[in-house]
Each structure stands twice: as structure tokens, then as C-alpha cells.
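Engineer: My structure is in data_1.txt, and what it holds is compact mmCIF, N, CA, C and O atoms:
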```txt
# COMPACT_ATOMS: atom_id res chain seq x y z
N MET A 22 67.31 10.15 167.60
CA MET A 22 68.73 10.20 167.88
C MET A 22 69.47 9.60 166.69
O MET A 22 69.09 8.57 166.16
N SER A 23 70.55 10.25 166.30
CA SER A 23 71.32 9.77 165.17
C SER A 23 72.09 8.50 165.54
O SER A 23 72.26 8.17 166.71
N THR A 24 72.55 7.80 164.52
CA THR A 24 73.35 6.60 164.76
C THR A 24 74.62 6.95 165.52
O THR A 24 75.03 6.23 166.42
N GLU A 25 75.22 8.10 165.17
CA GLU A 25 76.43 8.53 165.87
C GLU A 25 76.14 8.81 167.35
O GLU A 25 76.89 8.42 168.23
N GLY A 26 75.01 9.46 167.62
CA GLY A 26 74.63 9.74 169.00
C GLY A 26 74.37 8.47 169.79
O GLY A 26 74.78 8.33 170.93
N LEU A 27 73.70 7.50 169.15
CA LEU A 27 73.43 6.23 169.81
C LEU A 27 74.72 5.49 170.09
O LEU A 27 74.91 4.93 171.17
N HIS A 28 75.65 5.51 169.13
CA HIS A 28 76.96 4.87 169.33
C HIS A 28 77.69 5.50 170.50
O HIS A 28 78.28 4.80 171.32
N SER A 29 77.62 6.82 170.62
CA SER A 29 78.30 7.52 171.70
C SER A 29 77.68 7.20 173.06
O SER A 29 78.39 7.09 174.05
N VAL A 30 76.36 7.06 173.10
CA VAL A 30 75.70 6.70 174.36
C VAL A 30 76.16 5.31 174.79
O VAL A 30 76.44 5.07 175.96
N LYS A 31 76.28 4.39 173.85
CA LYS A 31 76.77 3.05 174.18
C LYS A 31 78.21 3.11 174.69
O LYS A 31 78.57 2.40 175.62
N LYS A 32 79.03 3.98 174.08
CA LYS A 32 80.42 4.16 174.54
C LYS A 32 80.43 4.65 175.98
O LYS A 32 81.18 4.18 176.81
N LEU A 33 79.58 5.65 176.26
CA LEU A 33 79.54 6.22 177.61
C LEU A 33 79.09 5.18 178.62
O LEU A 33 79.71 5.03 179.67
N LYS A 34 78.02 4.45 178.31
CA LYS A 34 77.53 3.43 179.24
C LYS A 34 78.62 2.41 179.54
O LYS A 34 78.87 2.07 180.69
N LYS A 35 79.27 1.91 178.49
CA LYS A 35 80.31 0.91 178.68
C LYS A 35 81.45 1.47 179.52
O LYS A 35 81.94 0.81 180.45
N ALA A 36 81.86 2.70 179.23
CA ALA A 36 82.96 3.31 179.96
C ALA A 36 82.60 3.56 181.41
O ALA A 36 83.37 3.21 182.32
N LEU A 37 81.45 4.13 181.67
CA LEU A 37 81.06 4.45 183.05
C LEU A 37 80.86 3.20 183.89
O LEU A 37 81.22 3.17 185.06
N PHE A 38 80.29 2.17 183.30
CA PHE A 38 80.05 0.96 184.08
C PHE A 38 81.30 0.12 184.26
O PHE A 38 81.32 -0.80 185.07
N SER A 39 82.37 0.47 183.55
CA SER A 39 83.64 -0.23 183.76
C SER A 39 84.45 0.41 184.88
O SER A 39 85.41 -0.18 185.36
N LEU A 40 84.06 1.61 185.31
CA LEU A 40 84.77 2.32 186.38
C LEU A 40 84.37 1.76 187.74
O LEU A 40 83.25 1.32 187.92
N PRO A 41 85.29 1.83 188.70
CA PRO A 41 84.92 1.45 190.07
C PRO A 41 83.87 2.42 190.62
O PRO A 41 83.86 3.60 190.27
N MET A 42 82.98 1.91 191.45
CA MET A 42 81.99 2.77 192.10
C MET A 42 82.75 3.82 192.92
O MET A 42 83.79 3.54 193.50
N GLY A 43 82.23 5.03 192.94
CA GLY A 43 82.83 6.09 193.72
C GLY A 43 83.94 6.83 193.02
O GLY A 43 84.57 7.72 193.60
N MET A 44 84.20 6.51 191.75
CA MET A 44 85.28 7.16 191.02
C MET A 44 84.72 8.26 190.12
O MET A 44 83.88 8.00 189.27
N PRO A 45 85.17 9.50 190.32
CA PRO A 45 84.76 10.55 189.40
C PRO A 45 85.47 10.36 188.06
O PRO A 45 86.48 9.68 187.98
N VAL A 46 84.91 10.95 187.03
CA VAL A 46 85.49 10.84 185.69
C VAL A 46 85.75 12.25 185.17
O VAL A 46 85.03 13.18 185.50
N THR A 47 86.81 12.41 184.41
CA THR A 47 87.16 13.73 183.87
C THR A 47 86.84 13.80 182.39
O THR A 47 86.72 12.78 181.71
N THR A 48 86.75 15.03 181.90
CA THR A 48 86.54 15.21 180.46
C THR A 48 87.73 14.65 179.70
O THR A 48 87.56 14.08 178.62
N GLY A 49 88.93 14.76 180.25
CA GLY A 49 90.12 14.22 179.59
C GLY A 49 90.04 12.71 179.42
O GLY A 49 90.38 12.18 178.36
N LEU A 50 89.57 12.01 180.44
CA LEU A 50 89.42 10.56 180.36
C LEU A 50 88.35 10.20 179.33
O LEU A 50 88.53 9.29 178.53
N MET A 51 87.25 10.95 179.34
CA MET A 51 86.19 10.67 178.37
C MET A 51 86.65 10.96 176.95
O MET A 51 86.30 10.23 176.02
N GLU A 52 87.47 12.00 176.77
CA GLU A 52 88.02 12.27 175.44
C GLU A 52 88.91 11.12 174.99
O GLU A 52 88.92 10.76 173.80
N ALA A 53 89.64 10.51 175.91
CA ALA A 53 90.46 9.35 175.57
C ALA A 53 89.60 8.18 175.12
O ALA A 53 90.04 7.34 174.34
N TRP A 54 88.36 8.12 175.59
CA TRP A 54 87.42 7.08 175.18
C TRP A 54 86.72 7.45 173.87
O TRP A 54 85.89 6.70 173.39
N GLY A 55 87.01 8.65 173.34
CA GLY A 55 86.37 9.08 172.10
C GLY A 55 85.09 9.85 172.32
O GLY A 55 84.28 10.00 171.40
N ILE A 56 84.87 10.37 173.53
CA ILE A 56 83.67 11.14 173.86
C ILE A 56 84.06 12.61 173.93
O ILE A 56 84.86 13.01 174.77
N SER A 57 83.51 13.42 173.04
CA SER A 57 83.89 14.83 172.95
C SER A 57 83.32 15.64 174.12
O SER A 57 82.37 15.22 174.79
N ARG A 58 83.87 16.83 174.32
CA ARG A 58 83.38 17.73 175.36
C ARG A 58 81.93 18.14 175.08
O ARG A 58 81.15 18.34 176.01
N GLN A 59 81.57 18.26 173.80
CA GLN A 59 80.20 18.59 173.45
C GLN A 59 79.24 17.48 173.87
O GLN A 59 78.15 17.76 174.37
N LEU A 60 79.67 16.24 173.69
CA LEU A 60 78.83 15.12 174.14
C LEU A 60 78.75 15.07 175.65
O LEU A 60 77.69 14.76 176.20
N VAL A 61 79.84 15.39 176.33
CA VAL A 61 79.80 15.44 177.80
C VAL A 61 78.75 16.44 178.25
O VAL A 61 77.92 16.15 179.12
N HIS A 62 78.73 17.60 177.62
CA HIS A 62 77.73 18.63 177.94
C HIS A 62 76.32 18.09 177.71
O HIS A 62 75.42 18.30 178.53
N GLN A 63 76.14 17.38 176.60
CA GLN A 63 74.82 16.81 176.30
C GLN A 63 74.43 15.76 177.34
O GLN A 63 73.28 15.68 177.74
N TYR A 64 75.40 14.95 177.79
CA TYR A 64 75.12 13.94 178.80
C TYR A 64 74.71 14.58 180.13
O TYR A 64 73.87 14.05 180.84
N VAL A 65 75.31 15.71 180.45
CA VAL A 65 74.91 16.43 181.67
C VAL A 65 73.47 16.91 181.52
O VAL A 65 72.65 16.73 182.43
N LYS A 66 73.15 17.49 180.37
CA LYS A 66 71.79 17.97 180.13
C LYS A 66 70.78 16.84 180.16
O LYS A 66 69.64 17.02 180.60
N SER A 67 71.20 15.65 179.72
CA SER A 67 70.31 14.50 179.68
C SER A 67 70.22 13.76 181.01
O SER A 67 69.42 12.83 181.14
N GLY A 68 71.07 14.11 181.97
CA GLY A 68 71.04 13.47 183.27
C GLY A 68 71.91 12.23 183.39
O GLY A 68 71.84 11.52 184.38
N TRP A 69 72.76 11.96 182.38
CA TRP A 69 73.65 10.81 182.42
C TRP A 69 74.87 11.06 183.30
O TRP A 69 75.48 10.14 183.78
N LEU A 70 75.24 12.33 183.44
CA LEU A 70 76.38 12.73 184.26
C LEU A 70 75.99 13.90 185.13
O LEU A 70 75.16 14.73 184.74
N GLU A 71 76.62 14.01 186.30
CA GLU A 71 76.44 15.16 187.18
C GLU A 71 77.79 15.85 187.32
O GLU A 71 78.79 15.20 187.63
N PRO A 72 77.81 17.18 187.08
CA PRO A 72 79.09 17.91 187.22
C PRO A 72 79.47 18.05 188.69
O PRO A 72 78.63 18.24 189.55
N LEU A 73 80.77 17.92 188.96
CA LEU A 73 81.30 18.09 190.32
C LEU A 73 82.09 19.39 190.45
O LEU A 73 82.40 19.81 191.54
N GLY A 74 82.45 19.98 189.33
CA GLY A 74 83.28 21.17 189.33
C GLY A 74 84.53 20.92 188.51
O GLY A 74 84.99 19.78 188.41
N GLY A 75 85.05 21.96 187.93
CA GLY A 75 86.20 21.80 187.05
C GLY A 75 85.81 20.89 185.90
O GLY A 75 84.76 21.05 185.29
N SER A 76 86.60 19.91 185.65
CA SER A 76 86.29 18.96 184.57
C SER A 76 85.95 17.58 185.13
O SER A 76 86.12 16.58 184.46
N TYR A 77 85.45 17.54 186.36
CA TYR A 77 85.10 16.27 187.00
C TYR A 77 83.59 16.05 186.99
O TYR A 77 82.81 16.97 187.20
N TYR A 78 83.21 14.78 186.77
CA TYR A 78 81.81 14.39 186.72
C TYR A 78 81.65 13.08 187.48
O TYR A 78 82.61 12.38 187.75
N ARG A 79 80.39 12.76 187.79
CA ARG A 79 80.10 11.47 188.41
C ARG A 79 78.82 10.91 187.81
O ARG A 79 78.03 11.64 187.20
N ARG A 80 78.63 9.63 188.02
CA ARG A 80 77.37 9.01 187.63
C ARG A 80 76.29 9.53 188.56
O ARG A 80 76.55 9.76 189.75
N PRO A 81 75.09 9.72 188.08
CA PRO A 81 74.01 10.22 188.96
C PRO A 81 73.83 9.34 190.18
O PRO A 81 73.75 8.11 190.07
N GLY A 82 73.83 9.96 191.34
CA GLY A 82 73.61 9.24 192.60
C GLY A 82 74.83 8.55 193.16
O GLY A 82 74.78 8.02 194.26
N ASP A 83 75.94 8.52 192.43
CA ASP A 83 77.15 7.85 192.90
C ASP A 83 77.83 8.74 193.95
O ASP A 83 77.97 9.94 193.76
N GLU A 84 78.23 8.14 195.05
CA GLU A 84 78.96 8.86 196.08
C GLU A 84 80.46 8.69 195.83
O GLU A 84 80.93 7.56 195.72
N ILE A 85 81.17 9.78 195.73
CA ILE A 85 82.62 9.72 195.50
C ILE A 85 83.29 9.22 196.77
O ILE A 85 83.03 9.71 197.86
N THR A 86 84.15 8.23 196.62
CA THR A 86 84.85 7.65 197.76
C THR A 86 86.33 8.03 197.71
O THR A 86 86.83 8.48 196.68
N ARG A 87 87.01 7.82 198.81
CA ARG A 87 88.44 8.07 198.87
C ARG A 87 89.17 7.23 197.83
O ARG A 87 90.00 7.73 197.07
N ASP A 88 88.85 5.94 197.77
CA ASP A 88 89.50 5.06 196.81
C ASP A 88 89.18 5.44 195.38
O ASP A 88 90.03 5.37 194.49
N GLY A 89 87.94 5.87 195.14
CA GLY A 89 87.55 6.31 193.81
C GLY A 89 88.28 7.57 193.39
O GLY A 89 88.72 7.70 192.24
N ALA A 90 88.43 8.50 194.33
CA ALA A 90 89.16 9.73 194.03
C ALA A 90 90.63 9.44 193.73
O ALA A 90 91.21 10.01 192.80
N LEU A 91 91.23 8.53 194.50
CA LEU A 91 92.62 8.14 194.23
C LEU A 91 92.75 7.46 192.86
O LEU A 91 93.70 7.72 192.13
N ALA A 92 91.78 6.62 192.52
CA ALA A 92 91.81 5.96 191.21
C ALA A 92 91.71 6.98 190.08
O ALA A 92 92.39 6.85 189.06
N ALA A 93 90.90 8.03 190.29
CA ALA A 93 90.77 9.08 189.27
C ALA A 93 92.09 9.84 189.11
O ALA A 93 92.51 10.13 187.98
N LEU A 94 92.74 10.15 190.21
CA LEU A 94 94.03 10.84 190.13
C LEU A 94 95.07 9.97 189.44
O LEU A 94 95.83 10.45 188.60
N ASN A 95 95.10 8.69 189.80
CA ASN A 95 96.06 7.77 189.18
C ASN A 95 95.78 7.60 187.69
O ASN A 95 96.72 7.48 186.89
N ALA A 96 94.50 7.62 187.29
CA ALA A 96 94.14 7.49 185.87
C ALA A 96 94.63 8.69 185.07
O ALA A 96 94.86 8.58 183.87
N GLN A 97 94.84 9.82 185.75
CA GLN A 97 95.34 11.02 185.09
C GLN A 97 96.86 11.09 185.10
O GLN A 97 97.45 12.06 184.67
N GLY A 98 97.49 10.05 185.63
CA GLY A 98 98.94 10.01 185.65
C GLY A 98 99.56 10.62 186.89
O GLY A 98 100.78 10.73 187.00
N MET A 99 98.73 11.01 187.85
CA MET A 99 99.24 11.55 189.11
C MET A 99 99.48 10.39 190.06
O MET A 99 98.62 9.52 190.21
N LYS A 100 100.61 10.38 190.69
CA LYS A 100 100.92 9.32 191.65
C LYS A 100 100.46 9.76 193.04
O LYS A 100 101.05 10.62 193.65
N ALA A 101 99.36 9.18 193.48
CA ALA A 101 98.80 9.54 194.78
C ALA A 101 98.51 8.26 195.54
O ALA A 101 98.13 7.24 194.97
N HIS A 102 98.71 8.31 196.85
CA HIS A 102 98.40 7.19 197.71
C HIS A 102 98.14 7.69 199.12
O HIS A 102 98.49 8.81 199.46
N ILE A 103 97.56 6.86 199.93
CA ILE A 103 97.28 7.20 201.33
C ILE A 103 98.01 6.20 202.20
O ILE A 103 98.02 5.03 201.97
```
Output the file's structure in the form of C-alpha cells.

Structural biologist:
Amino acid sequence: MSTEGLHSVKKLKKALFSLPMGMPVTTGLMEAWGISRQLVHQYVKSGWLEPLGGSYYRRPGDEITRDGALAALNAQGMKAHI
């Protein structure tokens, strides 16, 4: 693995583990962290992310929760509440 690839894996780990459990992550949010769409695709192939549909992903084995889904919408600038 290249130094750039290793750096990106560290970025992904740090970013994903900083998220609340149950929160899906979007390609847009990952791009804001400096993770390209090509790397997202590679992470899916490597088993680091599971696609949910559209541009949403989750950590392997993570169950998406209501609060996590609301946090994801709010992170995208959408004002949502229950």
C-alpha cells in the first residue's frame, strides 16, 4: 500500500470512529474529509464500508438508528427533527 493510501485509511478510520454509532455517512461528507469517491469505492471493496444506496454508507455491522439518520441529515445542512 502506498503512503498516500495508508494516510487515507488513517483519515477514514479517524473520521468513521468520530461519528455517532448508527449514523450513515455520505460520499459528500467523506469528500469534505479529503476522501475521494475513488477511495470510497476502494473502501467498499475492502470491506471498510457497506453501501446503503445512493451515496450513503455505513460501518460494517453498524445498525442505522433514528438519531443517527437525523444526525446524517443535519450534517448535510438539512434541518430535520422528530

Engineer: Using only N, CA, C and O atoms, can you tell me which of A:Lys34, A:Arg58, A:Leu94, A:Met44 comes closest to A:Arg80?

Structural biologist: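 Result for the nearest residue to A:Arg80: A:Met44.
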
Engineer: Tell me which of A:Leu37, A:Ile56, A:Ala90, A:Glu71 sits closest to A:Ile103, counting only C-alpha atoms.

Structural biologist: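 Looking only at the distances to A:Ile103, the closest residue turns out to be A:Ala90.
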
Engineer: So, with only N, CA, C and O atoms as the atoms that count, which of A:Pro45, A:Leu33, A:Gln59, A:Leu73 lies closest to A:Thr86?

Structural biologist: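 Answer, going by the shortest atom-to-atom distance: A:Pro45.
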
Engineer: Could you tell me which of A:Met42, A:Glu52, A:Gly68, A:Thr47 comes closest to A:Asp88 if we count all atoms listed in the file?

Structural biologist: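 Selected residue with least distance to A:Asp88: A:Met42.
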
Engineer: Taking into account only C-alpha atoms, which residue in the set A:Ser76, A:Gly89, A:Val30, A:Pro81 is nearest to A:Gln63?

Structural biologist: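 Among the listed residues, the smallest separation from A:Gln63 belongs to A:Val30.
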
Engineer: Could you check the closest approach to A:Val65 for each of A:Arg79, A:Gly43, A:Leu91, A:Ala53 and tell me which residue wins, using only N, CA, C and O atoms?

Structural biologist: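 Nearest to A:Val65: A:Arg79.
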
Engineer: Measure the distance from atom C of A:Gly98 to atom CA of A:Lys66 in Å and round it to one decimal.

Structural biologist: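 Pair atom C of A:Gly98 / atom CA of A:Lys66 returns 29.5 Å.
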
Engineer: So the first atom is atom C of A:Val46 and the second is atom C of A:His62; what is the distance between them in Å, to one decimal place?

Structural biologist: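 Interatomic distance, atom C of A:Val46 to atom C of A:His62: 13.4 Å.
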
Engineer: Rounded to one decimal, what separation in Å do you get between atom O of A:Leu40 and atom C of A:Ala92?

Structural biologist: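 Pair atom O of A:Leu40 / atom C of A:Ala92 returns 10.4 Å.
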
Engineer: As a ChimeraX atom specification, please: every residue in chain A that DSSP puts in helix (DSSP H, G or I).

Structural biologist: /A:24-39,48-53,58-67,87-96

Engineer: As a PDB file with N, CA, C and O atoms, keeping the file's coordinate frame, please: every residue in chain A that DSSP puts in strand (DSSP E).

Structural biologist:
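Now in part.pdb:
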```
ATOM      1  N   VAL A  46      84.910  10.950 187.030  1.00  0.00           N
ATOM      2  CA  VAL A  46      85.490  10.840 185.690  1.00  0.00           C
ATOM      3  C   VAL A  46      85.750  12.250 185.170  1.00  0.00           C
ATOM      4  O   VAL A  46      85.030  13.180 185.500  1.00  0.00           O
ATOM      5  N   THR A  47      86.810  12.410 184.410  1.00  0.00           N
ATOM      6  CA  THR A  47      87.160  13.730 183.870  1.00  0.00           C
ATOM      7  C   THR A  47      86.840  13.800 182.390  1.00  0.00           C
ATOM      8  O   THR A  47      86.720  12.780 181.710  1.00  0.00           O
ATOM      9  N   GLU A  71      76.620  14.010 186.300  1.00  0.00           N
ATOM     10  CA  GLU A  71      76.440  15.160 187.180  1.00  0.00           C
ATOM     11  C   GLU A  71      77.790  15.850 187.320  1.00  0.00           C
ATOM     12  O   GLU A  71      78.790  15.200 187.630  1.00  0.00           O
ATOM     13  N   PRO A  72      77.810  17.180 187.080  1.00  0.00           N
ATOM     14  CA  PRO A  72      79.090  17.910 187.220  1.00  0.00           C
ATOM     15  C   PRO A  72      79.470  18.050 188.690  1.00  0.00           C
ATOM     16  O   PRO A  72      78.630  18.240 189.550  1.00  0.00           O
ATOM     17  N   LEU A  73      80.770  17.920 188.960  1.00  0.00           N
ATOM     18  CA  LEU A  73      81.300  18.090 190.320  1.00  0.00           C
ATOM     19  C   LEU A  73      82.090  19.390 190.450  1.00  0.00           C
ATOM     20  O   LEU A  73      82.400  19.810 191.540  1.00  0.00           O
ATOM     21  N   GLY A  74      82.450  19.980 189.330  1.00  0.00           N
ATOM     22  CA  GLY A  74      83.280  21.170 189.330  1.00  0.00           C
ATOM     23  C   GLY A  74      84.530  20.920 188.510  1.00  0.00           C
ATOM     24  O   GLY A  74      84.990  19.780 188.410  1.00  0.00           O
ATOM     25  N   TYR A  77      85.450  17.540 186.360  1.00  0.00           N
ATOM     26  CA  TYR A  77      85.100  16.270 187.000  1.00  0.00           C
ATOM     27  C   TYR A  77      83.590  16.050 186.990  1.00  0.00           C
ATOM     28  O   TYR A  77      82.810  16.970 187.200  1.00  0.00           O
ATOM     29  N   TYR A  78      83.210  14.780 186.770  1.00  0.00           N
ATOM     30  CA  TYR A  78      81.810  14.390 186.720  1.00  0.00           C
ATOM     31  C   TYR A  78      81.650  13.080 187.480  1.00  0.00           C
ATOM     32  O   TYR A  78      82.610  12.380 187.750  1.00  0.00           O
ATOM     33  N   ARG A  79      80.390  12.760 187.790  1.00  0.00           N
ATOM     34  CA  ARG A  79      80.100  11.470 188.410  1.00  0.00           C
ATOM     35  C   ARG A  79      78.820  10.910 187.810  1.00  0.00           C
ATOM     36  O   ARG A  79      78.030  11.640 187.200  1.00  0.00           O
TER      37      ARG A  79
END
```

Engineer: For stretch 90-103 of chain A, I'd like the enclosing box, axis-aligned and padded by 4 Å on every side, reported as lines of an AutoDock Vina configuration file with centre and edge lengths in Å to one decimal.

Structural biologist:
```
center_x = 94.7
center_y = 8.5
center_z = 193.0
size_x = 20.6
size_y = 15.0
size_z = 26.3
```
